[in-house]
>>> print(open('protein.pdb').read())   # PDB, C-alpha atoms
ATOM      1  CA  MET W   1      97.981 107.747 114.966
ATOM      2  CA  LYS W   2      94.510 106.567 115.925
ATOM      3  CA  ILE W   3      93.954 103.010 114.678
ATOM      4  CA  THR W   4      90.578 101.292 114.282
ATOM      5  CA  ILE W   5      90.701  97.559 113.576
ATOM      6  CA  SER W   6      87.670  95.511 112.534
ATOM      7  CA  GLY W   7      86.763  92.261 110.858
ATOM      8  CA  LYS W   8      84.147  91.708 108.183
ATOM      9  CA  GLN W   9      82.051  88.709 109.259
ATOM     10  CA  MET W  10      84.845  87.633 111.633
ATOM     11  CA  THR W  11      86.459  88.490 114.956
ATOM     12  CA  VAL W  12      90.018  89.826 114.869
ATOM     13  CA  ARG W  13      92.324  88.027 117.316
ATOM     14  CA  PRO W  14      94.147  90.202 119.898
ATOM     15  CA  SER W  15      97.515  88.955 118.575
ATOM     16  CA  LEU W  16      96.591  90.178 115.075
ATOM     17  CA  LYS W  17      95.523  93.550 116.502
ATOM     18  CA  GLU W  18      98.904  93.880 118.266
ATOM     19  CA  LEU W  19     100.773  92.943 115.088
ATOM     20  CA  THR W  20      98.754  95.481 113.096
ATOM     21  CA  GLU W  21      99.443  98.306 115.556
ATOM     22  CA  LYS W  22     103.147  97.420 115.666
ATOM     23  CA  LYS W  23     103.467  97.384 111.871
ATOM     24  CA  LEU W  24     101.483 100.621 111.425
ATOM     25  CA  ALA W  25     103.835 102.341 113.884
ATOM     26  CA  ARG W  26     106.433 102.656 111.110
ATOM     27  CA  PHE W  27     104.114 105.144 109.384
ATOM     28  CA  GLU W  28     104.340 107.568 112.327
ATOM     29  CA  ARG W  29     107.248 109.278 110.554
ATOM     30  CA  PHE W  30     104.951 110.217 107.653
ATOM     31  CA  PHE W  31     101.884 111.185 109.647
ATOM     32  CA  GLY W  32     101.293 113.164 112.808
ATOM     33  CA  ASP W  33      99.229 112.118 115.791
ATOM     34  CA  ASP W  34      96.031 113.377 114.163
ATOM     35  CA  ALA W  35      96.126 110.695 111.437
ATOM     36  CA  GLU W  36      93.396 108.057 111.518
ATOM     37  CA  ALA W  37      93.942 104.536 110.220
ATOM     38  CA  THR W  38      91.153 102.053 109.577
ATOM     39  CA  VAL W  39      92.108  98.407 109.099
ATOM     40  CA  CYS W  40      89.514  95.860 108.011
ATOM     41  CA  TYR W  41      90.214  92.132 107.815
ATOM     42  CA  SER W  42      88.115  89.690 105.777
ATOM     43  CA  CYS W  43      88.224  86.255 104.176
ATOM     44  CA  ARG W  44      86.948  85.511 100.688
ATOM     45  CA  HIS W  45      87.808  83.102  97.896
ATOM     46  CA  ASP W  46      90.157  81.111 100.188
ATOM     47  CA  LEU W  47      92.327  84.201 100.716
ATOM     48  CA  GLN W  48      92.815  86.479 103.700
ATOM     49  CA  PHE W  49      92.350  90.168 102.846
ATOM     50  CA  VAL W  50      93.355  93.325 104.659
ATOM     51  CA  GLU W  51      92.183  96.800 103.686
ATOM     52  CA  ILE W  52      94.068  99.750 105.172
ATOM     53  CA  THR W  53      92.817 103.314 104.836
ATOM     54  CA  ILE W  54      94.693 106.243 106.366
ATOM     55  CA  TYR W  55      93.101 109.682 106.604
ATOM     56  CA  TYR W  56      95.529 112.546 107.166
ATOM     57  CA  ASN W  57      95.246 116.257 106.472
ATOM     58  CA  GLY W  58      92.376 115.815 103.994
ATOM     59  CA  THR W  59      94.259 113.145 102.032
ATOM     60  CA  ILE W  60      93.236 109.492 101.856
ATOM     61  CA  PHE W  61      95.791 106.702 101.473
ATOM     62  CA  ARG W  62      94.338 103.241 100.750
ATOM     63  CA  SER W  63      95.564  99.741 100.021
ATOM     64  CA  GLU W  64      93.837  96.368  99.847
ATOM     65  CA  GLU W  65      95.779  93.125  99.540
ATOM     66  CA  GLY W  66      95.000  89.430  99.769
ATOM     67  CA  ALA W  67      97.333  86.565 100.682
ATOM     68  CA  ASP W  68      97.401  83.109 102.258
ATOM     69  CA  THR W  69      97.779  84.596 105.760
ATOM     70  CA  PHE W  70      96.783  87.877 107.362
ATOM     71  CA  GLN W  71     100.428  88.552 108.263
ATOM     72  CA  CYS W  72     101.469  88.331 104.597
ATOM     73  CA  ALA W  73      98.458  90.411 103.518
ATOM     74  CA  ILE W  74      99.250  93.216 105.976
ATOM     75  CA  ASP W  75     102.920  93.223 104.921
ATOM     76  CA  GLU W  76     101.903  93.551 101.270
ATOM     77  CA  ALA W  77      99.337  96.273 102.032
ATOM     78  CA  LEU W  78     101.844  98.313 104.052
ATOM     79  CA  GLU W  79     104.483  97.944 101.322
ATOM     80  CA  SER W  80     101.915  99.140  98.798
ATOM     81  CA  LEU W  81     101.049 102.187 100.938
ATOM     82  CA  GLU W  82     104.698 103.070 101.447
ATOM     83  CA  ARG W  83     105.356 102.691  97.716
ATOM     84  CA  GLN W  84     102.446 105.076  96.968
ATOM     85  CA  ILE W  85     103.794 107.637  99.418
ATOM     86  CA  ARG W  86     107.389 107.430  98.169
ATOM     87  CA  LYS W  87     106.322 107.512  94.519
ATOM     88  CA  ASN W  88     104.458 110.782  95.077
ATOM     89  CA  LYS W  89     106.743 112.257  97.736
ATOM     90  CA  THR W  90     107.281 115.637  96.039
ATOM     91  CA  ARG W  91     103.547 116.224  95.731
ATOM     92  CA  LEU W  92     102.928 114.981  99.271
ATOM     93  CA  GLU W  93     105.758 116.758 101.108
ATOM     94  CA  LYS W  94     103.634 119.817 101.847
ATOM     95  CA  ARG W  95     100.806 117.656 103.226
ATOM     96  CA  LEU W  96     102.817 115.187 105.274
ATOM     97  CA  ARG W  97     104.798 115.654 108.437
ATOM     98  CA  THR W  98     108.012 117.726 108.219
ATOM     99  CA  GLY W  99     111.057 115.480 107.819
ATOM    100  CA  ALA W 100     108.921 112.511 106.769
ATOM    101  CA  PHE W 101     111.215 111.772 103.844
ATOM    102  CA  ALA W 102     114.533 111.987 105.666
ATOM    103  CA  PRO W 103     116.306 108.820 104.516
ATOM    104  CA  ALA W 104     116.515 106.116 107.156
ATOM    105  CA  PRO W 105     119.412 103.641 107.142
ATOM    106  CA  GLY W 106     118.716 100.845 104.681
ATOM    107  CA  ASP W 107     115.986 102.754 102.819
ATOM    108  CA  VAL W 108     115.823 102.049  99.115
ATOM    109  CA  GLU W 109     115.206 105.181  97.060
ATOM    110  CA  GLU W 110     112.276 104.607  94.761
ATOM    111  CA  GLU W 111     111.937 106.431  91.486
ATOM    112  CA  GLU W 112     109.413 109.204  91.720
ATOM    113  CA  GLU W 113     106.599 109.643  89.279
ATOM    114  CA  GLY W 114     107.111 112.488  86.825
ATOM    115  CA  GLU W 115     104.521 115.020  85.820
ATOM    116  CA  PHE W 116     100.962 113.797  85.563
ATOM    117  CA  ARG W 117     100.067 113.189  81.951
ATOM    118  CA  ILE W 118      96.475 114.283  81.506
ATOM    119  CA  ARG W 119      94.409 113.557  78.454
ATOM    120  CA  THR W 120      91.238 115.624  78.369
ATOM    121  CA  LYS W 121      88.092 114.179  76.885
ATOM    122  CA  TYR W 122      84.888 116.195  76.572
ATOM    123  CA  ILE W 123      81.634 114.290  76.672
ATOM    124  CA  PRO W 124      78.016 115.341  76.575
ATOM    125  CA  VAL W 125      76.514 114.617  79.980
ATOM    126  CA  LYS W 126      72.861 113.898  79.424
ATOM    127  CA  PRO W 127      70.214 113.156  82.051
ATOM    128  CA  MET W 128      69.497 109.425  82.491
ATOM    129  CA  SER W 129      68.638 106.828  85.098
ATOM    130  CA  VAL W 130      71.286 104.786  86.927
ATOM    131  CA  GLU W 131      70.218 101.628  85.067
ATOM    132  CA  GLU W 132      70.545 103.406  81.714
ATOM    133  CA  ALA W 133      74.008 104.672  82.695
ATOM    134  CA  ILE W 134      75.149 101.145  83.651
ATOM    135  CA  LEU W 135      73.856  99.830  80.319
ATOM    136  CA  GLN W 136      75.708 102.601  78.453
ATOM    137  CA  MET W 137      78.919 101.889  80.419
ATOM    138  CA  ASN W 138      78.686  98.177  79.590
ATOM    139  CA  LEU W 139      78.039  98.898  75.907
ATOM    140  CA  LEU W 140      81.149 101.104  75.803
ATOM    141  CA  GLU W 141      83.118  98.465  77.770
ATOM    142  CA  HIS W 142      84.344 101.139  80.207
ATOM    143  CA  GLN W 143      85.064 100.779  83.916
ATOM    144  CA  PHE W 144      83.056 103.900  84.799
ATOM    145  CA  PHE W 145      80.541 106.272  83.255
ATOM    146  CA  VAL W 146      79.687 109.909  84.048
ATOM    147  CA  PHE W 147      76.086 111.056  83.688
ATOM    148  CA  ARG W 148      73.507 113.460  85.096
ATOM    149  CA  ASP W 149      70.777 111.841  87.222
ATOM    150  CA  ALA W 150      67.412 112.387  85.523
ATOM    151  CA  GLU W 151      65.577 112.814  88.841
ATOM    152  CA  THR W 152      67.974 115.022  90.809
ATOM    153  CA  GLU W 153      69.901 116.681  87.948
ATOM    154  CA  LYS W 154      73.123 116.035  89.913
ATOM    155  CA  PRO W 155      76.314 114.725  88.290
ATOM    156  CA  CYS W 156      76.950 111.037  89.055
ATOM    157  CA  VAL W 157      79.442 108.302  88.249
ATOM    158  CA  VAL W 158      78.687 104.589  88.015
ATOM    159  CA  TYR W 159      81.588 102.152  88.091
ATOM    160  CA  CYS W 160      82.405  98.437  88.091
ATOM    161  CA  ARG W 161      83.579  97.102  91.446
ATOM    162  CA  LYS W 162      86.171  94.346  91.855
ATOM    163  CA  ASP W 163      83.486  92.019  93.210
ATOM    164  CA  GLY W 164      81.488  92.336  89.971
ATOM    165  CA  ASP W 165      78.824  94.631  91.402
ATOM    166  CA  TYR W 166      78.333  98.271  90.469
ATOM    167  CA  GLY W 167      78.975 101.413  92.487
ATOM    168  CA  LEU W 168      77.443 104.890  92.294
ATOM    169  CA  ILE W 169      79.156 108.132  93.226
ATOM    170  CA  THR W 170      77.006 111.219  93.587
ATOM    171  CA  GLU W 171      77.179 114.536  95.400
ATOM    172  CA  GLU W 172      75.132 115.201  98.500
TER
END
>>> encode(input="protein.pdb", output="C-alpha cells")
Amino acid sequence: MKITISGKQMTVRPSLKELTEKKLARFERFFGDDAEATVCYSCRHDLQFVEITIYYNGTIFRSEEGADTFQCAIDEALESLERQIRKNKTRLEKRLRTGAFAPAPGDVEEEEEGEFRIRTKYIPVKPMSVEEAILQMNLLEHQFFVFRDAETEKPCVVYCRKDGDYGLITEE
C-alpha cells in the first residue's frame, strides 16, 4: 500500500509517520499493493484530528476522528475504517483482495448490514444560482440540496460541511 502522510498547518513528526505506517499495515490483508492511503493530521478546537482516505479498485474508504492525542485519533479512525469494511463485507468481497475476510485469531465477528433500504423521492430540479440553492436548503432545514445550475445547466448539490461552511458538488 502506498501511504502519503501530511499535516495541515503543521509538520508531522517522523515517529508519528512510523506509527501511522505500522498501524496501516494491518489493512494489507484487505487491500493489494495498488491501494493508496492518504493520511492528514491537523489540530483544531483543542483536539488532534486524523483523516484517513484509502483508494482501492475504484472504491474510497474514509474516516476522520478527533481525540486528545494523535495516537488515540489514529486508533479510532482505523477502528472506524475496519468497522465500515466488516459491516459491508458481502458487498465488498468482490472488490477487495481474495481471502481478505478469512477470520484471524481473536477477531470479533461484527453483524453485517442487511439489504439497503432505499426510499425514493422525486423532486423538480429547477435552474437556480448556488446562493439561491443554499437559501432553499436552509429554508427546508436539509443537509444538502440538489439543483440545476442556471448558468451551466449542470446538476449540482450544495451541502452543509461539519465546519459550518457550505460545499458544492458538480460534474466536470
>>> closest_residue(input="protein.pdb", among="W:Cys160, W:Met10, W:Ile52, W:Val125", to="Lys23 of chain W", atoms="all atoms listed in the file")
W:Ile52
>>> closest_residue(input="protein.pdb", among="W:Thr11, W:Gln48, W:Gln136, W:Asn57", to="Ala77 of chain W", atoms="all atoms listed in the file")
W:Gln48
>>> closest_residue(input="protein.pdb", among="W:Cys40, W:Ile134, W:Val157, W:Leu140", to="Ala73 of chain W", atoms="only C-alpha atoms")
W:Cys40
>>> closest_residue(input="protein.pdb", among="W:Glu36, W:Glu171, W:Glu64, W:Glu76", to="Pro155 of chain W", atoms="only C-alpha atoms")
W:Glu171
>>> closest_residue(input="protein.pdb", among="W:Tyr56, W:Tyr41, W:Tyr159, W:Arg13", to="Met1 of chain W", atoms="all atoms listed in the file")
W:Tyr56
>>> resolve_selection(input="protein.pdb", expression="the PyMOL selection byres ((chain W and resi 123) around 12)", output="NGL selection string")
:W and (120-122 or 124-126 or 145-148)
>>> closest_residue(input="protein.pdb", among="W:Glu131, W:Ala67, W:Phe61, W:Cys156", to="Asn88 of chain W", atoms="only C-alpha atoms")
W:Phe61
>>> resolve_selection(input="protein.pdb", expression="the PyMOL selection byres ((chain W and resi 26) around 12)", output="NGL selection string")
:W and (1 or 19-25 or 27-32 or 75 or 78-79 or 81-82 or 100 or 104)
>>> atom_distance(input="protein.pdb", atom1="atom CA of Arg86 of chain W", atom2="atom CA of Gly7 of chain W")
28.6 Å
>>> atom_distance(input="protein.pdb", atom1="atom CA of His45 of chain W", atom2="atom CA of Gly66 of chain W")
9.8 Å
>>> atom_distance(input="protein.pdb", atom1="atom CA of Thr59 of chain W", atom2="atom CA of Arg119 of chain W")
23.6 Å
>>> axis_aligned_box(input="protein.pdb", around="segment 19-26 of chain W", padding_each_side="6 Å", output="lines of an AutoDock Vina configuration file")
center_x = 102.6
center_y = 97.8
center_z = 113.4
size_x = 19.7
size_y = 21.7
size_z = 16.6
>>> residues_near_point(input="protein.pdb", point="(70.4, 110.6, 84.7)", cutoff="6 Å", atoms="all atoms listed in the file", output="list in words")
Pro127, Met128, Ser129, Phe147, Arg148, Asp149 and Ala150 of chain W
>>> resolve_selection(input="protein.pdb", expression="the PyMOL selection byres ((chain W and resi 3) around 7)", output="ChimeraX atom specification")
/W:1-2,4-5,36-38
